[in-house]
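Text of target_23.txt (compact mmCIF, C-alpha atoms) as supplied:
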# COMPACT_ATOMS: atom_id res chain seq x y z
CA MET A 1 35.01 22.45 3.95
CA GLN A 2 36.30 19.70 6.20
CA HIS A 3 33.62 17.73 7.92
CA PRO A 4 33.84 18.20 11.70
CA ALA A 5 33.77 14.50 12.53
CA PHE A 6 35.22 12.63 9.58
CA GLU A 7 38.33 13.93 7.95
CA GLU A 8 37.94 11.60 4.97
CA VAL A 9 34.60 13.24 4.22
CA THR A 10 35.09 16.68 2.73
CA VAL A 11 31.87 18.21 1.55
CA HIS A 12 28.21 18.24 2.28
CA GLN A 13 26.90 19.78 -0.87
CA HIS A 14 23.27 19.94 0.15
CA HIS A 15 23.88 22.50 2.87
CA ALA A 16 21.80 25.02 1.00
CA ASP A 17 20.84 28.24 2.73
CA ASP A 18 17.60 28.20 4.69
CA ALA A 19 15.47 30.06 2.16
CA THR A 20 16.41 27.85 -0.82
CA PHE A 21 16.00 24.73 1.30
CA LYS A 22 12.55 25.68 2.55
CA LYS A 23 11.47 26.56 -0.97
CA LYS A 24 12.63 23.18 -2.28
CA VAL A 25 10.93 21.25 0.51
CA ARG A 26 7.69 23.18 0.06
CA LYS A 27 7.77 22.60 -3.70
CA THR A 28 8.36 18.87 -3.27
CA THR A 29 5.61 18.54 -0.64
CA ILE A 30 3.10 20.24 -2.91
CA LEU A 31 4.22 18.10 -5.84
CA LEU A 32 3.83 14.86 -3.88
CA SER A 33 0.39 15.92 -2.62
CA VAL A 34 -0.81 16.90 -6.08
CA ILE A 35 0.39 13.61 -7.58
CA THR A 36 -1.38 11.70 -4.79
CA VAL A 37 -4.62 13.60 -5.42
CA ILE A 38 -4.38 12.80 -9.15
CA GLU A 39 -3.78 9.14 -8.28
CA LEU A 40 -6.86 9.12 -6.07
CA ALA A 41 -8.93 10.72 -8.83
CA ILE A 42 -7.79 8.02 -11.26
CA GLY A 43 -8.52 5.33 -8.65
CA LEU A 44 -12.06 6.63 -8.29
CA SER A 45 -12.47 6.77 -12.06
CA ILE A 46 -11.49 3.08 -12.22
CA TYR A 47 -14.11 2.39 -9.54
CA THR A 48 -16.79 4.23 -11.54
CA LEU A 49 -15.80 2.39 -14.71
CA HIS A 50 -16.04 -0.96 -12.90
CA LYS A 51 -19.55 -0.11 -11.71
CA GLY A 52 -20.71 0.66 -15.24
CA GLU A 53 -22.38 -1.85 -17.55
CA ASN A 54 -19.54 -2.59 -19.93
CA PRO A 55 -16.23 -1.41 -18.50
CA SER A 56 -13.65 -0.89 -21.22
CA ALA A 57 -10.70 -3.12 -20.32
CA LEU A 58 -8.31 -0.98 -22.36
CA LEU A 59 -9.33 2.25 -20.63
CA ILE A 60 -8.93 0.66 -17.19
CA LEU A 61 -5.52 -0.70 -18.17
CA MET A 62 -4.47 2.76 -19.36
CA PHE A 63 -5.63 4.33 -16.08
CA LYS A 64 -3.70 1.72 -14.11
CA GLY A 65 -0.63 2.37 -16.24
CA MET A 66 -0.91 6.09 -15.53
CA VAL A 67 -1.08 5.46 -11.78
CA CYS A 68 2.06 3.30 -12.01
CA ILE A 69 3.95 6.08 -13.81
CA LEU A 70 2.78 8.68 -11.26
CA THR A 71 3.94 6.38 -8.45
CA LEU A 72 7.39 6.14 -10.01
CA ALA A 73 7.46 9.95 -10.19
CA LYS A 74 6.63 10.13 -6.47
CA ALA A 75 9.35 7.61 -5.68
CA TYR A 76 11.84 9.67 -7.69
CA TYR A 77 11.05 12.86 -5.74
CA ILE A 78 11.19 11.14 -2.35
CA VAL A 79 14.55 9.52 -3.10
CA SER A 80 16.24 12.44 -4.83
CA VAL A 81 14.97 15.34 -2.72
CA PHE A 82 13.98 13.98 0.70
CA MET A 83 16.74 11.38 0.84
CA HIS A 84 19.22 13.70 -0.93
CA LEU A 85 20.40 10.93 -3.22
CA GLY A 86 20.46 13.47 -6.03
CA ASP A 87 23.16 15.41 -4.16
CA GLU A 88 25.55 12.49 -3.78
CA ILE A 89 28.48 11.62 -6.01
CA ARG A 90 27.48 9.99 -9.27
CA ASN A 91 29.39 6.76 -8.63
CA MET A 92 27.62 6.35 -5.31
CA ILE A 93 24.21 6.92 -6.92
CA MET A 94 25.06 4.25 -9.49
CA THR A 95 25.89 1.65 -6.83
CA ILE A 96 22.31 2.06 -5.61
CA VAL A 97 20.45 2.55 -8.88
CA VAL A 98 22.16 -0.04 -11.10
CA PRO A 99 21.32 -3.06 -8.87
CA LEU A 100 17.72 -1.83 -8.74
CA MET A 101 17.56 -2.36 -12.50
CA LEU A 102 17.12 -6.04 -11.61
CA PHE A 103 13.51 -5.12 -10.88
CA VAL A 104 12.81 -4.69 -14.59
CA TRP A 105 13.38 -8.40 -15.17
CA PHE A 106 11.98 -9.34 -11.77
CA ILE A 107 8.58 -7.71 -12.35
CA ALA A 108 8.21 -8.70 -16.00
CA ALA A 109 9.23 -12.33 -15.53
CA PHE A 110 7.03 -13.06 -12.54
CA ILE A 111 3.92 -11.32 -13.84
CA TRP A 112 4.39 -13.14 -17.13
CA ASP A 113 4.75 -16.40 -15.24
CA GLY A 114 1.57 -15.83 -13.23
CA ASN A 115 -0.35 -14.98 -16.37
CA SER A 116 0.92 -18.05 -18.19
CA TYR A 117 -0.08 -20.26 -15.25
CA LYS A 118 -3.59 -18.84 -15.42
CA ASN A 119 -3.85 -19.51 -19.16
CA LEU A 120 -2.60 -23.08 -18.76
CA ARG A 121 -5.05 -23.78 -15.96
CA ASN A 122 -7.96 -22.34 -17.90
CA LYS A 123 -7.01 -24.56 -20.83
CA TYR A 124 -6.44 -27.84 -18.99
CA ASP A 125 -8.42 -27.47 -15.77
CA GLN A 126 -12.08 -26.94 -16.67
CA HIS A 127 -13.12 -27.10 -13.02
CA PHE A 128 -10.82 -24.19 -12.17
CA LYS A 129 -12.15 -22.23 -15.10
CA GLU A 130 -15.81 -22.86 -14.32
CA THR A 131 -15.54 -22.12 -10.62
CA THR A 132 -13.37 -19.02 -10.75
CA MET A 133 -14.30 -17.17 -13.95
CA PRO A 134 -16.38 -14.07 -13.08
CA ALA A 135 -20.03 -14.28 -14.12
CA LYS A 136 -19.64 -11.58 -16.76
CA HIS A 137 -17.30 -13.80 -18.75
CA ARG A 138 -19.34 -16.95 -18.23
CA PRO A 139 -21.73 -18.01 -20.99
CA ALA A 140 -25.33 -17.37 -19.87
CA ASP A 141 -26.46 -20.91 -20.62
CA THR A 142 -23.84 -23.40 -19.53
CA THR A 143 -25.21 -26.18 -21.76
CA GLU A 144 -23.96 -24.28 -24.79
CA VAL A 145 -20.32 -24.03 -23.73
CA LYS A 146 -18.08 -24.78 -26.64
CA LYS A 147 -14.81 -26.52 -25.85
CA SER A 148 -12.92 -24.41 -28.36
CA GLY A 149 -13.98 -21.14 -26.72
CA LYS A 150 -10.88 -19.39 -25.40
CA GLU A 151 -12.79 -16.68 -23.49
CA MET B 1 28.46 18.37 -6.80
CA SER B 2 29.90 17.82 -10.26
CA THR B 3 32.80 20.24 -9.84
CA THR B 4 34.06 18.76 -6.57
CA ALA B 5 33.54 15.28 -7.94
CA THR B 6 35.61 15.78 -11.07
CA THR B 7 38.52 17.68 -9.55
CA HIS B 8 39.18 15.09 -6.84
CA GLN B 9 38.01 12.00 -8.66
CA THR B 10 41.34 10.22 -9.10
CA LYS B 11 42.79 11.16 -5.74
CA TRP B 12 39.80 9.83 -3.83
CA TRP B 13 40.68 6.25 -4.60
CA SER B 14 44.31 6.55 -3.44
CA GLY B 15 43.47 6.44 0.25
CA GLY B 16 42.82 8.92 3.01
CA LYS B 17 39.55 10.06 1.47
CA SER B 18 36.11 8.52 1.15
CA PRO B 19 35.62 7.73 -2.56
CA PHE B 20 31.92 8.45 -2.24
CA ASN B 21 32.50 11.41 0.07
CA LEU B 22 30.10 9.80 2.54
CA GLU B 23 30.60 8.63 6.06
CA TYR B 24 30.58 4.87 6.51
CA GLY B 25 27.32 4.62 8.49
CA LYS B 26 25.32 6.57 5.95
CA LEU B 27 26.66 4.52 3.05
CA MET B 28 25.80 1.29 4.84
CA MET B 29 22.32 2.62 5.60
CA TRP B 30 21.86 3.14 1.86
CA TYR B 31 22.94 -0.42 1.12
CA PHE B 32 20.67 -1.78 3.83
CA LEU B 33 17.77 0.14 2.35
CA MET B 34 18.58 -1.20 -1.10
CA SER B 35 18.44 -4.77 0.20
CA ASP B 36 15.22 -3.97 2.05
CA ALA B 37 13.80 -2.63 -1.20
CA PHE B 38 14.45 -6.04 -2.73
CA THR B 39 12.69 -7.75 0.18
CA PHE B 40 9.63 -5.57 -0.25
CA GLY B 41 9.90 -5.87 -4.02
CA ALA B 42 9.94 -9.65 -3.81
CA PHE B 43 6.82 -9.66 -1.64
CA LEU B 44 4.96 -7.29 -3.93
CA ILE B 45 6.05 -9.13 -7.08
CA SER B 46 4.95 -12.44 -5.57
CA TYR B 47 1.58 -10.83 -4.90
CA GLY B 48 1.45 -9.62 -8.51
CA SER B 49 2.34 -13.05 -9.80
CA ILE B 50 -0.47 -14.73 -7.83
CA ARG B 51 -2.89 -12.02 -8.82
CA PHE B 52 -2.13 -12.53 -12.50
CA SER B 53 -2.68 -16.28 -12.07
CA GLN B 54 -6.31 -15.78 -10.96
CA ASN B 55 -9.37 -15.31 -13.12
CA PHE B 56 -10.93 -13.05 -10.49
CA TRP B 57 -9.38 -10.61 -8.04
CA PRO B 58 -11.36 -8.36 -5.65
CA ASP B 59 -11.73 -4.69 -6.61
CA PRO B 60 -9.86 -2.71 -3.91
CA ASN B 61 -12.53 -0.01 -3.99
CA VAL B 62 -15.05 -2.60 -2.79
CA VAL B 63 -12.78 -3.96 -0.04
CA PHE B 64 -11.44 -0.68 1.34
CA ASN B 65 -14.44 1.60 1.49
CA ALA B 66 -14.89 2.20 5.22
CA PHE B 67 -14.04 5.25 7.29
CA PRO B 68 -13.94 5.44 11.10
CA GLY B 69 -17.21 6.79 12.42
CA ALA B 70 -18.91 6.73 9.03
CA GLY B 71 -20.80 3.49 9.62
CA HIS B 72 -21.73 1.65 6.44
CA ALA B 73 -21.14 4.65 4.16
CA ASN B 74 -19.43 3.65 0.92
CA LEU B 75 -16.25 5.76 0.84
CA PRO B 76 -13.71 4.04 -1.41
CA LEU B 77 -10.08 5.22 -1.05
CA ALA B 78 -10.97 7.84 1.58
CA PHE B 79 -9.29 6.34 4.64
CA VAL B 80 -6.19 5.13 2.84
CA SER B 81 -5.67 8.61 1.38
CA VAL B 82 -5.64 9.96 4.94
CA MET B 83 -2.98 7.36 5.82
CA THR B 84 -0.95 8.31 2.74
CA PHE B 85 -1.01 12.00 3.60
CA ILE B 86 -0.03 11.28 7.19
CA LEU B 87 3.10 9.50 5.94
CA ILE B 88 3.96 12.21 3.40
CA ILE B 89 3.66 14.91 6.06
CA SER B 90 5.74 12.92 8.54
CA SER B 91 8.38 12.56 5.84
CA VAL B 92 8.41 16.35 5.46
CA THR B 93 8.82 16.89 9.21
CA MET B 94 11.72 14.41 9.12
CA VAL B 95 13.40 16.44 6.36
CA LEU B 96 13.02 19.50 8.58
CA ALA B 97 14.52 17.62 11.57
CA VAL B 98 17.56 16.61 9.48
CA HIS B 99 17.93 20.18 8.27
CA ALA B 100 17.76 21.53 11.82
CA GLY B 101 20.49 18.98 12.65
CA HIS B 102 22.73 20.41 9.91
CA ASN B 103 22.36 23.80 11.54
CA GLY B 104 23.12 22.34 14.98
CA ASP B 105 19.72 23.54 16.14
CA LYS B 106 18.88 21.19 19.01
CA ARG B 107 15.42 22.60 19.70
CA GLY B 108 14.49 22.41 16.02
CA VAL B 109 15.62 18.78 15.82
CA MET B 110 13.56 17.88 18.87
CA LYS B 111 10.47 19.70 17.65
CA TRP B 112 10.45 18.13 14.18
CA LEU B 113 11.43 14.67 15.44
CA ALA B 114 8.53 14.79 17.87
CA TRP B 115 6.12 15.64 15.04
CA THR B 116 7.56 12.79 12.96
CA ILE B 117 6.93 10.37 15.82
CA VAL B 118 3.37 11.67 16.15
CA GLY B 119 2.85 11.06 12.42
CA GLY B 120 4.21 7.52 12.70
CA LEU B 121 1.95 6.72 15.63
CA ALA B 122 -1.05 8.18 13.82
CA PHE B 123 -0.30 5.97 10.83
CA LEU B 124 -0.02 2.88 13.04
CA GLY B 125 -3.33 3.77 14.69
CA CYS B 126 -5.00 4.04 11.30
CA GLN B 127 -3.60 0.69 10.26
CA ALA B 128 -4.80 -0.95 13.48
CA TRP B 129 -8.28 0.37 12.85
CA GLU B 130 -8.25 -0.79 9.25
CA TRP B 131 -7.10 -4.33 10.12
CA HIS B 132 -9.62 -4.58 12.94
CA HIS B 133 -12.41 -3.43 10.65
CA LEU B 134 -11.48 -5.95 7.94
CA ILE B 135 -11.04 -8.90 10.29
CA THR B 136 -14.17 -8.38 12.37
CA GLY B 137 -16.51 -7.09 9.64
CA GLN B 138 -18.85 -9.93 8.64
CA HIS B 139 -20.05 -10.22 5.05
CA ALA B 140 -22.62 -12.56 3.52
CA VAL B 141 -21.25 -15.03 0.98
CA LEU B 142 -22.90 -17.83 -0.97
CA ALA B 143 -20.90 -21.03 -0.59
CA ASP B 144 -21.96 -24.65 -1.12
CA GLY B 145 -25.65 -23.77 -1.37
CA ALA B 146 -25.84 -21.80 1.88
CA ILE B 147 -25.24 -18.22 2.96
CA GLU B 148 -22.56 -17.72 5.58
CA MET B 149 -21.06 -14.68 7.23
CA ILE B 150 -17.27 -14.37 6.97
CA GLY B 151 -14.67 -11.69 7.62
CA GLN B 152 -11.49 -10.85 5.73
CA THR B 153 -8.82 -13.06 7.30
CA THR B 154 -5.83 -15.00 6.00
CA ARG B 155 -8.10 -18.01 5.46
CA THR B 156 -11.34 -16.45 4.24
CA ASN B 157 -12.15 -13.80 1.70
CA PRO B 158 -15.68 -12.45 1.37
CA TRP B 159 -14.95 -10.31 -1.71
CA GLY B 160 -15.75 -12.70 -4.56
CA ASP B 161 -17.89 -11.88 -7.57
CA LEU B 162 -21.42 -10.55 -6.92
CA VAL B 163 -24.05 -13.28 -7.20
CA HIS B 164 -26.65 -12.15 -9.73
CA ASN B 165 -28.67 -15.37 -9.67
CA THR B 166 -31.38 -14.42 -7.15
CA SER B 167 -33.09 -17.83 -7.26
CA ALA B 168 -29.82 -19.48 -6.11
CA ILE B 169 -29.71 -17.04 -3.18
CA THR B 170 -33.35 -17.65 -2.28
CA ALA B 171 -32.70 -21.41 -2.30
CA ALA B 172 -29.54 -20.95 -0.21
CA LEU B 173 -31.44 -18.95 2.44
CA ASN B 174 -33.31 -22.12 3.40
CA ASN B 175 -29.99 -23.84 4.22
CA SER B 176 -28.52 -20.95 6.21
CA SER B 177 -28.09 -20.62 9.94
CA HIS B 178 -30.55 -18.74 12.14
CA GLU B 179 -27.89 -16.20 13.08
CA THR B 180 -27.12 -15.40 9.43
CA LEU B 181 -30.80 -15.04 8.58
CA VAL B 182 -31.42 -12.70 11.52
CA HIS B 183 -28.52 -10.56 10.36
CA LEU B 184 -29.69 -10.45 6.74
CA ALA B 185 -33.34 -9.79 7.64
CA HIS B 186 -32.17 -6.96 9.88
CA GLU B 187 -29.73 -5.39 7.42
CA TYR B 188 -31.66 -5.94 4.19
CA PRO B 189 -35.39 -6.21 5.00
CA ARG B 190 -38.00 -6.36 2.27
CA GLU B 191 -40.20 -3.28 2.20
CA GLY B 192 -42.57 -3.21 5.12
CA THR B 193 -41.00 -6.11 7.00
CA ALA B 194 -38.48 -4.22 9.11
CA ALA B 195 -38.49 -5.53 12.68
CA SER B 196 -36.38 -5.17 15.79
CA LEU B 197 -33.51 -7.58 16.40
CA ASP B 198 -35.32 -9.05 19.42
CA ALA B 199 -38.41 -9.80 17.34
CA LEU B 200 -36.28 -11.29 14.56
CA GLU B 201 -34.43 -13.55 17.01
CA LYS B 202 -37.73 -15.23 17.91
CA MET B 203 -38.80 -15.98 14.33
CA THR B 204 -38.27 -19.27 12.54
CA ASN B 205 -35.79 -19.70 9.71
CA GLY B 206 -38.62 -19.99 7.22
CA GLN B 207 -40.16 -16.67 8.27
CA LEU B 208 -36.79 -14.92 8.23
CA ALA B 209 -35.85 -16.25 4.79
CA GLY B 210 -39.00 -14.68 3.38
CA MET B 211 -38.08 -11.30 4.83
CA VAL B 212 -34.68 -10.83 3.18
CA ASP B 213 -34.53 -8.47 0.24
CA VAL B 214 -32.42 -10.78 -1.93
CA ALA B 215 -31.88 -8.28 -4.74
CA HIS B 216 -30.26 -5.70 -2.46
CA ALA B 217 -28.30 -7.91 -0.07
CA HIS B 218 -25.08 -7.71 -2.19
CA ILE B 219 -24.30 -11.36 -1.63
CA ARG B 220 -20.98 -12.42 -3.08
CA GLU B 221 -19.11 -15.60 -3.77
CA LYS B 222 -15.98 -16.39 -1.77
CA GLY B 223 -12.95 -14.55 -3.14
CA PRO B 224 -9.35 -15.74 -3.61
CA ILE B 225 -7.88 -16.78 -0.26
CA ALA B 226 -4.40 -15.49 -1.17
CA PHE B 227 -5.69 -11.91 -0.90
CA GLY B 228 -5.70 -11.92 2.91
CA GLY B 229 -2.26 -13.43 3.35
CA TYR B 230 -0.68 -10.97 0.96
CA PHE B 231 -2.54 -7.97 2.30
CA TYR B 232 -1.84 -8.63 5.97
CA GLY B 233 1.65 -9.94 5.25
CA ILE B 234 2.83 -6.96 3.23
CA THR B 235 1.01 -4.16 5.05
CA GLY B 236 2.06 -5.86 8.29
CA PHE B 237 5.69 -5.94 7.21
CA HIS B 238 5.43 -2.28 6.27
CA GLY B 239 3.68 -1.50 9.56
CA PHE B 240 6.54 -3.23 11.36
CA HIS B 241 8.96 -0.90 9.54
CA VAL B 242 6.89 2.09 10.63
CA PHE B 243 6.91 0.76 14.18
CA SER B 244 10.68 0.28 14.24
CA GLY B 245 11.06 3.71 12.63
CA VAL B 246 9.05 5.23 15.48
CA ILE B 247 11.30 3.43 17.99
CA ILE B 248 14.46 4.67 16.22
CA ASN B 249 13.12 8.22 16.08
CA THR B 250 12.21 8.08 19.77
CA ILE B 251 15.75 6.98 20.61
CA MET B 252 17.09 9.83 18.46
CA LEU B 253 14.81 12.25 20.30
CA LEU B 254 16.07 11.08 23.69
CA MET B 255 19.70 11.21 22.55
CA THR B 256 19.19 14.74 21.23
CA GLN B 257 17.60 15.75 24.49
CA LYS B 258 20.56 14.33 26.43
CA ASN B 259 22.95 16.42 24.27
CA VAL B 260 24.66 13.34 22.82
CA PHE B 261 24.82 14.87 19.34
CA GLN B 262 25.59 18.32 20.68
CA ASN B 263 28.68 16.92 22.43
CA ARG B 264 29.61 14.86 19.38
CA GLY B 265 29.59 18.04 17.31
CA HIS B 266 27.29 16.79 14.58
CA TYR B 267 23.79 15.38 14.06
CA LEU B 268 24.67 12.79 11.40
CA MET B 269 22.76 10.11 13.30
CA ILE B 270 19.52 12.03 12.64
CA GLU B 271 20.37 11.90 8.95
CA LYS B 272 20.61 8.09 8.99
CA ALA B 273 17.35 7.76 10.94
CA GLY B 274 15.88 10.15 8.37
CA LEU B 275 16.95 7.92 5.49
CA TYR B 276 15.21 4.98 7.13
CA TRP B 277 12.05 6.99 7.73
CA HIS B 278 11.89 8.25 4.14
CA PHE B 279 12.32 4.67 2.96
CA VAL B 280 9.25 3.68 4.97
CA ASP B 281 7.33 6.42 3.17
CA LEU B 282 8.77 5.26 -0.16
CA VAL B 283 7.63 1.68 0.40
CA TRP B 284 4.15 2.89 1.32
CA VAL B 285 3.91 4.64 -2.05
CA PHE B 286 4.25 1.21 -3.69
CA VAL B 287 2.04 -0.65 -1.20
CA PHE B 288 -0.60 2.03 -1.80
CA LEU B 289 -0.27 1.48 -5.54
CA CYS B 290 -0.41 -2.32 -5.48
CA PHE B 291 -3.16 -2.87 -2.91
CA TYR B 292 -5.41 0.16 -3.11
CA LEU B 293 -5.12 1.75 -6.53
CA ILE B 294 -4.77 -1.01 -9.10

Rendering of file as structure tokens:
Amino acid sequence: MQHPAFEEVTVHQHHADDATFKKKVRKTTILLSVITVIELAIGLSIYTLHKGENPSALLILMFKGMVCILTLAKAYYIVSVFMHLGDEIRNMIMTIVVPLMLFVWFIAAFIWDGNSYKNLRNKYDQHFKETTMPAKHRPADTTEVKKSGKE
Amino acid sequence: MSTTATTHQTKWWSGGKSPFNLEYGKLMMWYFLMSDAFTFGAFLISYGSIRFSQNFWPDPNVVFNAFPGAGHANLPLAFVSVMTFILIISSVTMVLAVHAGHNGDKRGVMKWLAWTIVGGLAFLGCQAWEWHHLITGQHAVLADGAIEMIGQTTRTNPWGDLVHNTSAITAALNNSSHETLVHLAHEYPREGTAASLDALEKMTNGQLAGMVDVAHAHIREKGPIAFGGYFYGITGFHGFHVFSGVIINTIMLLMTQKNVFQNRGHYLMIEKAGLYWHFVDLVWVFVFLCFYLI
């Protein structure tokens, strides 16, 4: 089918019939809503864990990891269904997706850097450590602080 | 897709055909959005980097727990989930507007575009309320041996660690301003000492200090200042995208109404506006993750 306005553009593959289209949109909407509700449930679980006496750092980290994965799933559905990127030609998809791979390095490097800065400051800047470390991680009696403690 | 792509693949690059089988404007919109994704990504990654460099970072559930009309009720995540659903729904109405455009259905395009604009405005309204609430809400913090009341701005952050040392708070009450003490004695009175604001205003600092229920006043230390700059900067930048999206959609609505697309023979412009609007929703998914969930 020739496109009415641009003769160099030939097809618009995602012209599905109305029934299929509506079904797909409804399915995606429900999916996005369900994922959001799960994310909220996990967010509230993290809140409850934080309020508890001894929150398990590992469990909280796992919950946060799950939310990140669910967010990526949401992003995938928005881009591929709502923005129809999934219906485009593969080469075109790659010109968008391949540059985005830069984010893998981008996120890892900068989070790593921030974390390393924190560790260095805690090691060499006692004032920073004493004034910013949350009370839970502070020794109860400050006269007994050992210099070797890496807390 | 795959069949058309493979049969024409070689010919498409020899001229006369679009290699990506896309019109120029739509392709460029995609590349713009990709660059915008890097802008947002850089902001969010910078936020992550600073957050990882701190020993303490406020728990979002403590910061964002208010709901319009609910007073001081503790409702973590409630309002932001409303905002998230508003954007998801407005994304769906935009999909329907684009689809109506494919069918050349002018009334359908106008109806769904109008709903998308309503969703965008509702989101902006929610954000305005949230910002106003955070900036003007005063919270008691213990700093330099005195209690002061501060809001969440780009220079102050009242969401530090909870102070458990009640004797430090009691000592700090004696150094605090009359206004702060009146507020605390009013909000957190010891049992049996509740009094009207007028009566409290007339009392001395010493009297007021004795009336504050120190154990229940939830007094915190000052939190990391960077929080405010990143929160207002990034949600503001996103809000600006929503705002410009609303403007673009309004222009599209007016153009549709004036039969511009009808006369042109296609509604491809709606498709490009749609891409932009979905991108705004996409970015919110990540802002929601970084500021409210983790």

Can you list, as an MDAnalysis selection string, every protein, DNA or RNA residue that comes within 7 Å of segment 172-182 of chain B when you count only C-alpha atoms, leaving out same-chain residues fewer than 6 positions away?
chainID B and resid 145:149 200:201 205:206 208:209

Residue nearest chain A among B:Leu142, B:Ala194, B:Met29, B:Val95 (counting all atoms listed in the file):
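Going through B:Leu142, B:Ala194, B:Met29, B:Val95 one by one, the smallest distance to chain A is for B:Val95.
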
Chain B contacts to chain A at 7 Å (all atoms listed in the file) as a VMD selection string:
chain B and resid 1 5 16 to 18 20 to 23 34 45 48 to 50 52 to 56 61 95 161 275 278 282 285 293 to 294

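Across B:Val118, B:Thr39, B:Ser91, B:Thr156, the tightest approach to Thr136 of chain B is made by B:Thr156 when counting only C-alpha atoms.
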
Excluding segment 125-130 of chain B and residues on its chain fewer than 6 positions from it, collect all residues at most 9 Å away from it, counting all atoms listed in the file, and give them as a ChimeraX atom specification.
/B:64,66-68,79-80,82-83,235-236,239

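One finds atom CA of Asn259 of chain B at 16.2 Å from atom CA of Trp112 of chain B.
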
Neighbourhood query: residues within 9 Å of (-11.4, -21.5, -1.7), file coordinates, counting all atoms listed in the file; return as a ChimeraX atom specification.
/B:155-157,222-225

In terms of the shortest atom-to-atom distance over only C-alpha atoms, which of B:Asn103, B:Phe43, B:Leu77, B:Val246 is closest to Ala122 of chain B?
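That would be B:Val246, the residue with the smallest distance to Ala122 of chain B.
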
Name the closest residue to Ile86 of chain B among the candidates B:Asn165, B:Thr204, B:Ser14, B:Thr116; distances are taken between atoms, counting all atoms listed in the file.
B:Thr116

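Atom pair atom CA of Leu253 of chain B / atom CA of Leu113 of chain B: separated by 6.4 Å.
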
So how far away is atom CA of His241 of chain B from atom CA of His102 of chain B, in Å?
25.4 Å

So which residues touch Gly119 of chain B within 8 Å, counting only C-alpha atoms, skipping near sequence neighbours fewer than 6 positions away, as a VMD selection string?
chain B and resid 86 to 87 89 to 90

Write the selection just made, keeping C-alpha atoms, as a short mmCIF file (atom, residue, chain, number, x, y, z; two decimals), keeping the file's coordinate frame?
data_model
loop_
_atom_site.label_atom_id
_atom_site.label_comp_id
_atom_site.auth_asym_id
_atom_site.auth_seq_id
_atom_site.Cartn_x
_atom_site.Cartn_y
_atom_site.Cartn_z
CA ILE B 86 -0.03 11.28 7.19
CA LEU B 87 3.10 9.50 5.94
CA ILE B 89 3.66 14.91 6.06
CA SER B 90 5.74 12.92 8.54
#

Size and centre in Å, one decimal, axis-aligned box, all listed segment 39-51 of chain A atoms plus 4 Å per side, as lines of an AutoDock Vina configuration file:
center_x = -11.7
center_y = 4.9
center_z = -10.4
size_x = 23.8
size_y = 19.7
size_z = 16.6

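Distances here use only C-alpha atoms; by that measure, the residue among B:Trp159, B:Tyr188, B:Tyr232, B:Phe227 closest to Val214 of chain B is B:Tyr188.
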